[in-house]
Amino acid sequence: MYIVTAEEMYEIDRYAIEKGGIEGKVLMENAGSQVAQQIIQSYDNNQKVAIVVGSGNNGGDGFVIARYLAEYSYDISVFQLVADHKIKGDAAFHKALWLNTSDKLVHVTDSHQLKQRLVDCDIVIDAILGIGVSGAIREPIRSMIDAINHLPVEKISVDIPSGLPANDGLEVDLAIHADQTYIIEAPKETAFCEKTSIYYGKWETVKIGISQMAYAKHASKQRWCIKNVRATFPKREKYAHKGSNGRGLVIGGQQTMPGAIVLAARAALRSGAGLVTVATIKENLPIVSSSCIEATYHLLPNLTDRLTDRDLEAFEKIDAITFGMGIGRDDSQLLSDLIEKLDKPLLIDADGLYHAKPLLETLLQHKAPIVVTPHYGEMAMLTNKTVPEVKRSPFSISRQFAEKYQVYVVLKGKHTIITAPNGEQIVSDQGNAGLAKGGTGDVLTGILLTMIMQHEELLPALANGCYLHGTSADYLVEDNHTERDLLATDVIEGLSQVFRTLS
Ligand SMILES: NC(=O)C1=CN([C@@H]2O[C@H](COP(=O)(O)OP(=O)(O)OC[C@H]3O[C@@H](n4cnc5c(N)ncnc54)[C@H](O)[C@@H]3O)[C@@H](O)[C@H]2O)[C@H](O)CC1
Ligand SMILES: [K+]
């Protein structure tokens with residue numbers, strides 16, 4: 001499923017009209033009829049329904065919905081919130097069709113009137129503003145949206161809750177707090193941002209006849225689901241040997257944080273890595289090696305000095321490296337050596353990201369791919385922004401960072417956003433609040449390490465890793481765990497259940 005900005009949706013729309021030959025009126029007919037079908041399936045027709053329409057094509061969809069719901073005997077009234085002359089084009093066409101069969105159109109000019117009109121309704125269908133909204137909401141629409149939000153009715157938004165922008169990056173002024181949103185064709189960016197997703201309520205998409213070709217041409221983001229995973233997941237070779245399944249290196253683990261590397265190493269092995277080597281200090285060896293007996297170990301005298309020739313030689317056969325779990329924030333030369341002296345895919349996580357901050361310009365010199373896996377706080381640190389700023393613009397900030405430093409970014413959150421150096425993005429929205437615990441990030445890193453080694457392309461590799469991690473947590477919470485008791489180690493054990501669903 002593609003995710004779009006408003007500009008991309010308009011391009012896709014234009015493509016469908018110009019290249020696909022479907023008239024705008026037909027797209028609007030399809031949009032309204034599909035939304036109406038969803039409503040018919042979910043809401044009884046003994047309810048009193050108010051459809052509130054604005055001036056644009058979102059309002060046009062509202063007129064089509066009215067026509068279909070009336071056919072199914074819903075008690076419908078349409079409230080037009082703008083002057084007649086503002087309704088033009090396809091919306092005017094569908095308004096005329098509504099008026100051909102019904103006289104239920106009421107003009108409302110202020111919020112007081114609207115409140116009185118809507119007070120005995122059960123459902124309000126919000127077709128006031130769509131993706132064409134720009135700037136702060138103007139009066140009287142502003143007070144009308146506020147009035148609707150205060151009514152104890154079911155609120156169903158068409159395409160997007162009115163007032164909400166489609167794109168990330170804007171402070172939300174005022175928008176309908178929908179219970180349900182029927183999104184036309186493709187979810188917009190704000191459905192996946194922490195500060196704005198709440199406005200959508202539950203949501204689903206309706207298709208209106210636009211071809212996938214239009215999306216392939218104009219959309220740059222996808223929501224990752226099992227279909228994508230099955231299409232891109234590497235098959236395990238029948239005659240595979242441990243060397244052909246990837247040799248991963250996990251570097252990290254201060255004396256006070258040995259658990260992080262255990263989790264990463266075990267997750268990498270459970271995800272199917274052939275060999276995992278853990279490079280850490282000798283004080284950690286007894287605990288780490290007894291917790292992960294399948295890994296091999298490489299002792300570092302400390303986590304601060306440069307890599308020796310002996311280290312570099314030992315790492316020569318490695319296929320990919322992850323650095324940073326439990327590494328601490330003391331000055332260290334390790335990361336700059338990994339960037340300069342080892343030509344291997346490198347994943348930087350946790351405290352490793354603090355070490356990466358002063359080295360960002362040097363990342364461009366690394367010949368193999370670099371992946372950074374920050375959560376929102378770490379992303380704010382890397383980009384000199386505040387956490388609220390990152391939450392407001394997770395797509396744009398990730399893209400700018402990935403393009404500037406030519407790295408892959410996995411911005412971890414409820415909706416994890418994965419960005420390639422060319423700006424292409426994937427959203428992985430599997431997982432649950434049980435993952436909001438120490439250690440789950442280390443598990444993700446281990447899974448990603450293996451995925452990096454086993455896929456040809458990195459973007460699907462990272463997306464598949466996030467899918468495995470989130471879905472493992474989802475299955476565990478469905479079966480024998482809850483969000484409260486789920487632990488990072490459970491997520492590792494849950495991976496086998498996810499793998500079974502992939503073939
Ligand atoms: N392929 C599709 O996705 C289709 C979508 N459809 C629907 O069309 C809307 C987008 O229509 P558009 O006319 O471009 O925009 P709006 O409906 O959002 O209306 C814009 C209109 O609203 C007024 N306005 C803008 N900003 C403000 C503001 N800040 N305060 C007050 N008023 C504002 C202004 O008059 C603008 O002209 C999309 O969401 C779908 O619902 C089609 O049905 C078919 C294909
Ligand atoms: K709307």
# chains A, B, ... in the order shown; residues from 1 in each chain; ligands from 1
$ residues_near_ligand --ligand "ligand 2" --cutoff "8 Å" --atoms "only C-alpha atoms and all ligand atoms" --output "ChimeraX atom specification"
/A:58-59,126-130,157-163
$ write_last_selection --atoms "N, CA and C atoms" --output "PDB file, in the first residue's frame"
ATOM      1  N   ASN A  58     -13.809  17.484  -1.827  1.00  0.00           N
ATOM      2  CA  ASN A  58     -14.193  16.681  -0.656  1.00  0.00           C
ATOM      3  C   ASN A  58     -15.696  16.841  -0.428  1.00  0.00           C
ATOM      4  N   GLY A  59     -16.184  18.061  -0.564  1.00  0.00           N
ATOM      5  CA  GLY A  59     -17.624  18.320  -0.481  1.00  0.00           C
ATOM      6  C   GLY A  59     -18.357  17.574  -1.582  1.00  0.00           C
ATOM      7  N   ASP A 126     -18.267  14.038   7.647  1.00  0.00           N
ATOM      8  CA  ASP A 126     -17.457  15.242   7.476  1.00  0.00           C
ATOM      9  C   ASP A 126     -16.844  15.278   6.080  1.00  0.00           C
ATOM     10  N   ALA A 127     -17.463  16.083   5.200  1.00  0.00           N
ATOM     11  CA  ALA A 127     -16.923  16.301   3.848  1.00  0.00           C
ATOM     12  C   ALA A 127     -16.676  17.805   3.676  1.00  0.00           C
ATOM     13  N   ILE A 128     -16.064  18.396   4.704  1.00  0.00           N
ATOM     14  CA  ILE A 128     -15.862  19.852   4.680  1.00  0.00           C
ATOM     15  C   ILE A 128     -14.584  20.202   3.919  1.00  0.00           C
ATOM     16  N   LEU A 129     -13.477  19.635   4.371  1.00  0.00           N
ATOM     17  CA  LEU A 129     -12.187  19.927   3.739  1.00  0.00           C
ATOM     18  C   LEU A 129     -11.455  18.614   3.501  1.00  0.00           C
ATOM     19  N   GLY A 130     -10.791  18.536   2.350  1.00  0.00           N
ATOM     20  CA  GLY A 130      -9.993  17.347   2.048  1.00  0.00           C
ATOM     21  C   GLY A 130      -8.522  17.707   2.056  1.00  0.00           C
ATOM     22  N   SER A 157     -15.127  10.867   8.849  1.00  0.00           N
ATOM     23  CA  SER A 157     -14.488  11.800   7.913  1.00  0.00           C
ATOM     24  C   SER A 157     -14.261  11.139   6.562  1.00  0.00           C
ATOM     25  N   VAL A 158     -14.410  11.950   5.525  1.00  0.00           N
ATOM     26  CA  VAL A 158     -14.189  11.478   4.163  1.00  0.00           C
ATOM     27  C   VAL A 158     -12.777  11.895   3.747  1.00  0.00           C
ATOM     28  N   ASP A 159     -11.979  10.944   3.413  1.00  0.00           N
ATOM     29  CA  ASP A 159     -10.591  11.082   2.972  1.00  0.00           C
ATOM     30  C   ASP A 159      -9.631  11.489   4.083  1.00  0.00           C
ATOM     31  N   ILE A 160      -9.948  12.577   4.799  1.00  0.00           N
ATOM     32  CA  ILE A 160      -9.049  13.056   5.850  1.00  0.00           C
ATOM     33  C   ILE A 160      -9.908  13.868   6.821  1.00  0.00           C
ATOM     34  N   PRO A 161      -9.620  13.827   8.117  1.00  0.00           N
ATOM     35  CA  PRO A 161     -10.398  14.667   9.025  1.00  0.00           C
ATOM     36  C   PRO A 161     -10.234  16.140   8.618  1.00  0.00           C
ATOM     37  N   SER A 162     -11.332  16.838   8.441  1.00  0.00           N
ATOM     38  CA  SER A 162     -11.256  18.207   7.918  1.00  0.00           C
ATOM     39  C   SER A 162     -10.385  19.090   8.798  1.00  0.00           C
ATOM     40  N   GLY A 163      -9.493  19.831   8.145  1.00  0.00           N
ATOM     41  CA  GLY A 163      -8.592  20.737   8.851  1.00  0.00           C
ATOM     42  C   GLY A 163      -7.197  20.164   8.989  1.00  0.00           C
TER      43      GLY A 163
END
$ residues_near_ligand --ligand "ligand 1" --cutoff "6 Å" --atoms "only C-alpha atoms and all ligand atoms" --output "list in words"
Met9, Asp13, Leu27, Met28, Ala31, Ser55, Gly56, Asn57, Asn58, Gly59, Asp61, Leu129, Gly130, Ile131, Gly132, Val133, Ser134, Gly135, Ala136, Ile137, Arg138, Ile141, Asp159 and Ile184 of chain A
$ closest_atom_pairs --of "stretch 233-335 of chain A" --to "stretch 446-464 of chain A" --cutoff "9 Å" --atoms "only C-alpha atoms" --output "JSON lines"
{"residue": "A:Phe233", "atom": "CA", "partner": "A:Asn464", "partner_atom": "CA", "distance": 7.3}
{"residue": "A:Pro234", "atom": "CA", "partner": "A:His455", "partner_atom": "CA", "distance": 6.3}
{"residue": "A:Ser244", "atom": "CA", "partner": "A:Gln454", "partner_atom": "CA", "distance": 8.7}
{"residue": "A:Asn245", "atom": "CA", "partner": "A:Gln454", "partner_atom": "CA", "distance": 6.6}
{"residue": "A:Gly246", "atom": "CA", "partner": "A:Met453", "partner_atom": "CA", "distance": 5.4}
{"residue": "A:Arg247", "atom": "CA", "partner": "A:Met453", "partner_atom": "CA", "distance": 7.7}
{"residue": "A:Gly248", "atom": "CA", "partner": "A:Leu449", "partner_atom": "CA", "distance": 6.7}
{"residue": "A:Leu249", "atom": "CA", "partner": "A:Leu449", "partner_atom": "CA", "distance": 8.4}
{"residue": "A:Val250", "atom": "CA", "partner": "A:Gly446", "partner_atom": "CA", "distance": 8.1}
{"residue": "A:Ile261", "atom": "CA", "partner": "A:Gly446", "partner_atom": "CA", "distance": 8.7}
{"residue": "A:Leu263", "atom": "CA", "partner": "A:Gly446", "partner_atom": "CA", "distance": 7.3}
{"residue": "A:Ala264", "atom": "CA", "partner": "A:Gly446", "partner_atom": "CA", "distance": 4.0}
{"residue": "A:Ala265", "atom": "CA", "partner": "A:Gly446", "partner_atom": "CA", "distance": 5.8}
{"residue": "A:Arg266", "atom": "CA", "partner": "A:Gly446", "partner_atom": "CA", "distance": 7.2}
{"residue": "A:Ala267", "atom": "CA", "partner": "A:Gly446", "partner_atom": "CA", "distance": 4.8}
{"residue": "A:Ala268", "atom": "CA", "partner": "A:Gly446", "partner_atom": "CA", "distance": 4.2}
{"residue": "A:Leu269", "atom": "CA", "partner": "A:Thr450", "partner_atom": "CA", "distance": 7.7}
{"residue": "A:Arg270", "atom": "CA", "partner": "A:Ile447", "partner_atom": "CA", "distance": 7.9}
{"residue": "A:Ser271", "atom": "CA", "partner": "A:Ile447", "partner_atom": "CA", "distance": 5.7}
{"residue": "A:Gly272", "atom": "CA", "partner": "A:Thr450", "partner_atom": "CA", "distance": 6.7}
{"residue": "A:Ala273", "atom": "CA", "partner": "A:Thr450", "partner_atom": "CA", "distance": 5.3}
{"residue": "A:Gly274", "atom": "CA", "partner": "A:Thr450", "partner_atom": "CA", "distance": 8.7}
{"residue": "A:Asp319", "atom": "CA", "partner": "A:Met453", "partner_atom": "CA", "distance": 6.3}
{"residue": "A:Ala320", "atom": "CA", "partner": "A:Met453", "partner_atom": "CA", "distance": 6.3}
{"residue": "A:Ile321", "atom": "CA", "partner": "A:Leu449", "partner_atom": "CA", "distance": 7.1}
{"residue": "A:Thr322", "atom": "CA", "partner": "A:Leu449", "partner_atom": "CA", "distance": 6.7}
$ write_last_selection --atoms "C-alpha atoms" --output "PDB file, in the first residue's frame"
ATOM      1  CA  PHE A 233      12.113 -12.354   1.713  1.00  0.00           C
ATOM      2  CA  PRO A 234      15.132 -14.433   0.664  1.00  0.00           C
ATOM      3  CA  SER A 244      26.600 -18.483   3.149  1.00  0.00           C
ATOM      4  CA  ASN A 245      24.010 -17.274   5.677  1.00  0.00           C
ATOM      5  CA  GLY A 246      26.148 -14.351   6.772  1.00  0.00           C
ATOM      6  CA  ARG A 247      28.848 -13.700   9.319  1.00  0.00           C
ATOM      7  CA  GLY A 248      27.761 -10.831  11.543  1.00  0.00           C
ATOM      8  CA  LEU A 249      29.790  -8.848  14.037  1.00  0.00           C
ATOM      9  CA  VAL A 250      28.247  -7.216  17.109  1.00  0.00           C
ATOM     10  CA  ILE A 261      24.956  -7.318  23.044  1.00  0.00           C
ATOM     11  CA  LEU A 263      20.108  -9.563  22.938  1.00  0.00           C
ATOM     12  CA  ALA A 264      21.493  -8.347  19.612  1.00  0.00           C
ATOM     13  CA  ALA A 265      23.610 -11.468  19.080  1.00  0.00           C
ATOM     14  CA  ARG A 266      20.822 -13.876  19.998  1.00  0.00           C
ATOM     15  CA  ALA A 267      18.328 -11.997  17.809  1.00  0.00           C
ATOM     16  CA  ALA A 268      20.772 -12.111  14.883  1.00  0.00           C
ATOM     17  CA  LEU A 269      21.196 -15.871  15.313  1.00  0.00           C
ATOM     18  CA  ARG A 270      17.465 -16.519  15.742  1.00  0.00           C
ATOM     19  CA  SER A 271      16.857 -14.541  12.547  1.00  0.00           C
ATOM     20  CA  GLY A 272      19.011 -16.986  10.659  1.00  0.00           C
ATOM     21  CA  ALA A 273      22.573 -15.589  10.620  1.00  0.00           C
ATOM     22  CA  GLY A 274      25.187 -18.264   9.903  1.00  0.00           C
ATOM     23  CA  ASP A 319      29.765  -9.591   6.138  1.00  0.00           C
ATOM     24  CA  ALA A 320      28.145  -6.835   8.222  1.00  0.00           C
ATOM     25  CA  ILE A 321      28.794  -5.038  11.492  1.00  0.00           C
ATOM     26  CA  THR A 322      26.613  -3.497  14.144  1.00  0.00           C
TER      27      THR A 322
END
$ residues_around --residues "stretch 211-228 of chain A" --least-positions-apart "4" --cutoff "7 Å" --atoms "only C-alpha atoms" --output "list in words"
Met1, Tyr2, Ile3, Val4, Glu8, Glu11, Ile12, Tyr15, Ala16, Thr232, Glu424, Gln425, Ile426, Val427, Ser428 and Ala463 of chain A
$ write_last_selection --atoms "N, CA and C atoms" --output "short mmCIF file (atom, residue, chain, number, x, y, z; two decimals), in the first residue's frame"
data_model
loop_
_atom_site.label_atom_id
_atom_site.label_comp_id
_atom_site.auth_asym_id
_atom_site.auth_seq_id
_atom_site.Cartn_x
_atom_site.Cartn_y
_atom_site.Cartn_z
N MET A 1 0.85 -1.20 0.00
CA MET A 1 0.00 0.00 0.00
C MET A 1 0.89 1.25 0.00
N TYR A 2 0.54 2.18 -0.90
CA TYR A 2 1.34 3.41 -0.97
C TYR A 2 0.84 4.43 0.05
N ILE A 3 1.74 5.30 0.48
CA ILE A 3 1.41 6.43 1.36
C ILE A 3 1.79 7.68 0.58
N VAL A 4 0.94 8.70 0.64
CA VAL A 4 1.19 9.85 -0.24
C VAL A 4 1.17 11.20 0.51
N GLU A 8 1.55 14.47 -4.21
CA GLU A 8 1.62 13.18 -4.93
C GLU A 8 0.22 12.71 -5.29
N GLU A 11 -1.00 14.47 -8.29
CA GLU A 11 -0.31 13.96 -9.49
C GLU A 11 -0.92 12.63 -9.93
N ILE A 12 -1.17 11.78 -8.95
CA ILE A 12 -1.72 10.43 -9.23
C ILE A 12 -3.12 10.56 -9.83
N TYR A 15 -2.79 11.76 -13.35
CA TYR A 15 -2.35 10.65 -14.19
C TYR A 15 -3.55 9.77 -14.56
N ALA A 16 -4.39 9.49 -13.56
CA ALA A 16 -5.56 8.63 -13.80
C ALA A 16 -6.50 9.29 -14.81
N THR A 232 9.64 -10.31 -1.00
CA THR A 232 11.05 -9.89 -0.98
C THR A 232 11.93 -10.74 -0.06
N GLU A 424 13.56 7.27 -0.84
CA GLU A 424 12.43 6.33 -0.83
C GLU A 424 12.14 5.91 0.62
N GLN A 425 10.85 5.75 0.95
CA GLN A 425 10.52 5.46 2.35
C GLN A 425 9.52 4.31 2.49
N ILE A 426 9.65 3.60 3.61
CA ILE A 426 8.72 2.52 3.95
C ILE A 426 8.28 2.71 5.39
N VAL A 427 6.99 2.49 5.65
CA VAL A 427 6.49 2.54 7.02
C VAL A 427 6.19 1.12 7.48
N SER A 428 6.73 0.77 8.64
CA SER A 428 6.40 -0.52 9.24
C SER A 428 5.58 -0.21 10.49
N ALA A 463 13.05 -3.16 6.06
CA ALA A 463 11.60 -3.22 6.26
C ALA A 463 11.19 -4.61 6.74
#
$ closest_residue --among "A:Gln113, A:Gln47, A:Ser290, A:Asn284" --to "A:Asp75" --atoms "only C-alpha atoms"
A:Gln47
$ atom_distance --atom1 "atom CA of A:Glu154" --atom2 "atom CA of A:Gln41"
15.2 Å
$ atom_distance --atom1 "atom CA of A:Thr386" --atom2 "atom CA of A:Lys202"
28.8 Å
$ residues_around --residues "stretch 469-472 of chain A" --least-positions-apart "3" --cutoff "9 Å" --atoms "only C-alpha atoms" --output "JSON, numbers by chain"
{"A": [428, 429, 430, 431, 432, 435, 440, 443, 444, 447, 464, 465, 466, 475, 476, 477, 490, 491, 492, 493, 494, 495, 496, 497, 498]}
$ write_last_selection --atoms "N, CA and C atoms" --output "short mmCIF file (atom, residue, chain, number, x, y, z; two decimals), in the first residue's frame"
data_model
loop_
_atom_site.label_atom_id
_atom_site.label_comp_id
_atom_site.auth_asym_id
_atom_site.auth_seq_id
_atom_site.Cartn_x
_atom_site.Cartn_y
_atom_site.Cartn_z
N SER A 428 6.73 0.77 8.64
CA SER A 428 6.40 -0.52 9.24
C SER A 428 5.58 -0.21 10.49
N ASP A 429 4.30 -0.56 10.45
CA ASP A 429 3.47 -0.20 11.62
C ASP A 429 3.02 -1.43 12.39
N GLN A 430 3.82 -2.51 12.30
CA GLN A 430 3.54 -3.66 13.15
C GLN A 430 4.08 -3.36 14.55
N GLY A 431 3.69 -4.16 15.51
CA GLY A 431 4.21 -4.00 16.88
C GLY A 431 3.19 -3.34 17.78
N ASN A 432 3.48 -3.34 19.07
CA ASN A 432 2.54 -2.82 20.05
C ASN A 432 3.30 -2.20 21.21
N LEU A 435 6.46 -3.30 23.21
CA LEU A 435 7.84 -3.08 22.76
C LEU A 435 8.49 -1.85 23.39
N THR A 440 14.41 -3.96 23.59
CA THR A 440 13.75 -4.33 22.33
C THR A 440 14.49 -3.72 21.13
N VAL A 443 17.26 -5.99 20.20
CA VAL A 443 16.75 -7.15 19.46
C VAL A 443 16.54 -6.76 17.99
N LEU A 444 15.95 -5.59 17.77
CA LEU A 444 15.73 -5.14 16.39
C LEU A 444 17.08 -5.05 15.65
N ILE A 447 18.23 -8.42 14.55
CA ILE A 447 17.44 -8.92 13.41
C ILE A 447 17.89 -8.20 12.12
N ASN A 464 11.80 -5.63 6.17
CA ASN A 464 11.47 -7.00 6.60
C ASN A 464 11.91 -7.23 8.05
N GLY A 465 13.05 -6.68 8.42
CA GLY A 465 13.51 -6.81 9.81
C GLY A 465 12.53 -6.15 10.77
N CYS A 466 12.06 -4.98 10.42
CA CYS A 466 11.10 -4.27 11.30
C CYS A 466 9.79 -5.05 11.37
N TYR A 475 2.14 -11.22 17.71
CA TYR A 475 1.69 -12.61 17.93
C TYR A 475 1.78 -12.97 19.41
N LEU A 476 2.88 -12.55 20.06
CA LEU A 476 3.07 -12.90 21.47
C LEU A 476 1.97 -12.31 22.33
N VAL A 477 1.58 -11.07 22.01
CA VAL A 477 0.54 -10.42 22.81
C VAL A 477 -0.83 -11.04 22.53
N ASP A 490 11.48 -12.34 24.89
CA ASP A 490 10.30 -13.02 24.31
C ASP A 490 10.22 -12.74 22.81
N VAL A 491 10.56 -11.50 22.45
CA VAL A 491 10.46 -11.11 21.03
C VAL A 491 11.40 -11.98 20.19
N ILE A 492 12.56 -12.31 20.75
CA ILE A 492 13.49 -13.20 20.03
C ILE A 492 12.85 -14.59 19.87
N GLU A 493 12.29 -15.09 20.97
CA GLU A 493 11.70 -16.43 20.92
C GLU A 493 10.48 -16.47 19.99
N GLY A 494 9.80 -15.32 19.86
CA GLY A 494 8.59 -15.27 19.02
C GLY A 494 8.87 -15.28 17.53
N LEU A 495 10.13 -15.10 17.16
CA LEU A 495 10.44 -14.98 15.72
C LEU A 495 10.05 -16.23 14.93
N SER A 496 10.21 -17.40 15.56
CA SER A 496 9.93 -18.63 14.80
C SER A 496 8.48 -18.66 14.34
N GLN A 497 7.58 -18.13 15.19
CA GLN A 497 6.16 -18.11 14.81
C GLN A 497 5.94 -17.23 13.57
N VAL A 498 6.68 -16.14 13.49
CA VAL A 498 6.53 -15.24 12.33
C VAL A 498 7.11 -15.91 11.08
#
$ select_by_dssp --residues "stretch 171-314 of chain A" --states "helix (DSSP H, G or I)" --output "PyMOL selection string"
chain A and resi 189-192+197-200+212-218+226-232+242-245+259-270+282-291+309-314
$ closest_residue --among "A:Val407, A:Ile327, A:Leu285, A:Ala231" --to "A:Asp351" --atoms "only C-alpha atoms"
A:Ile327
$ residues_around --residues "A:Glu139" --least-positions-apart "5" --cutoff "10 Å" --atoms "only C-alpha atoms" --output "compact mmCIF listing (two decimals) with C-alpha atoms, in the first residue's frame"
# COMPACT_ATOMS: atom_id res chain seq x y z
CA ASP A 110 -22.39 29.99 11.28
CA SER A 111 -21.44 27.50 13.95
CA MET A 144 -17.98 24.88 12.72
CA ILE A 145 -15.27 22.20 13.06
$ closest_residue --among "A:Gln333, A:Thr308, A:Thr445, A:Gln400" --to "A:Thr373" --atoms "only C-alpha atoms"
A:Thr445
$ residues_around --residues "A:Ser393" --least-positions-apart "5" --cutoff "8 Å" --atoms "only C-alpha atoms" --output "PyMOL selection string"
chain A and resi 168-170+193
$ write_last_selection --atoms "C-alpha atoms" --output "tab-separated table (two decimals), in the first residue's frame"
chain	number	residue	atom	x	y	z
A	168	ASP	CA	3.86	16.01	7.83
A	169	GLY	CA	5.59	19.13	9.12
A	170	LEU	CA	2.71	21.43	10.01
A	193	CYS	CA	2.66	10.74	12.57
$ atom_distance --atom1 "atom CA of A:Met325" --atom2 "atom CA of A:Gly413"
17.9 Å
$ closest_residue --among "A:Ile251, A:Ile148, A:Leu105, A:Leu360" --to "A:Asp84" --atoms "only C-alpha atoms"
A:Leu105
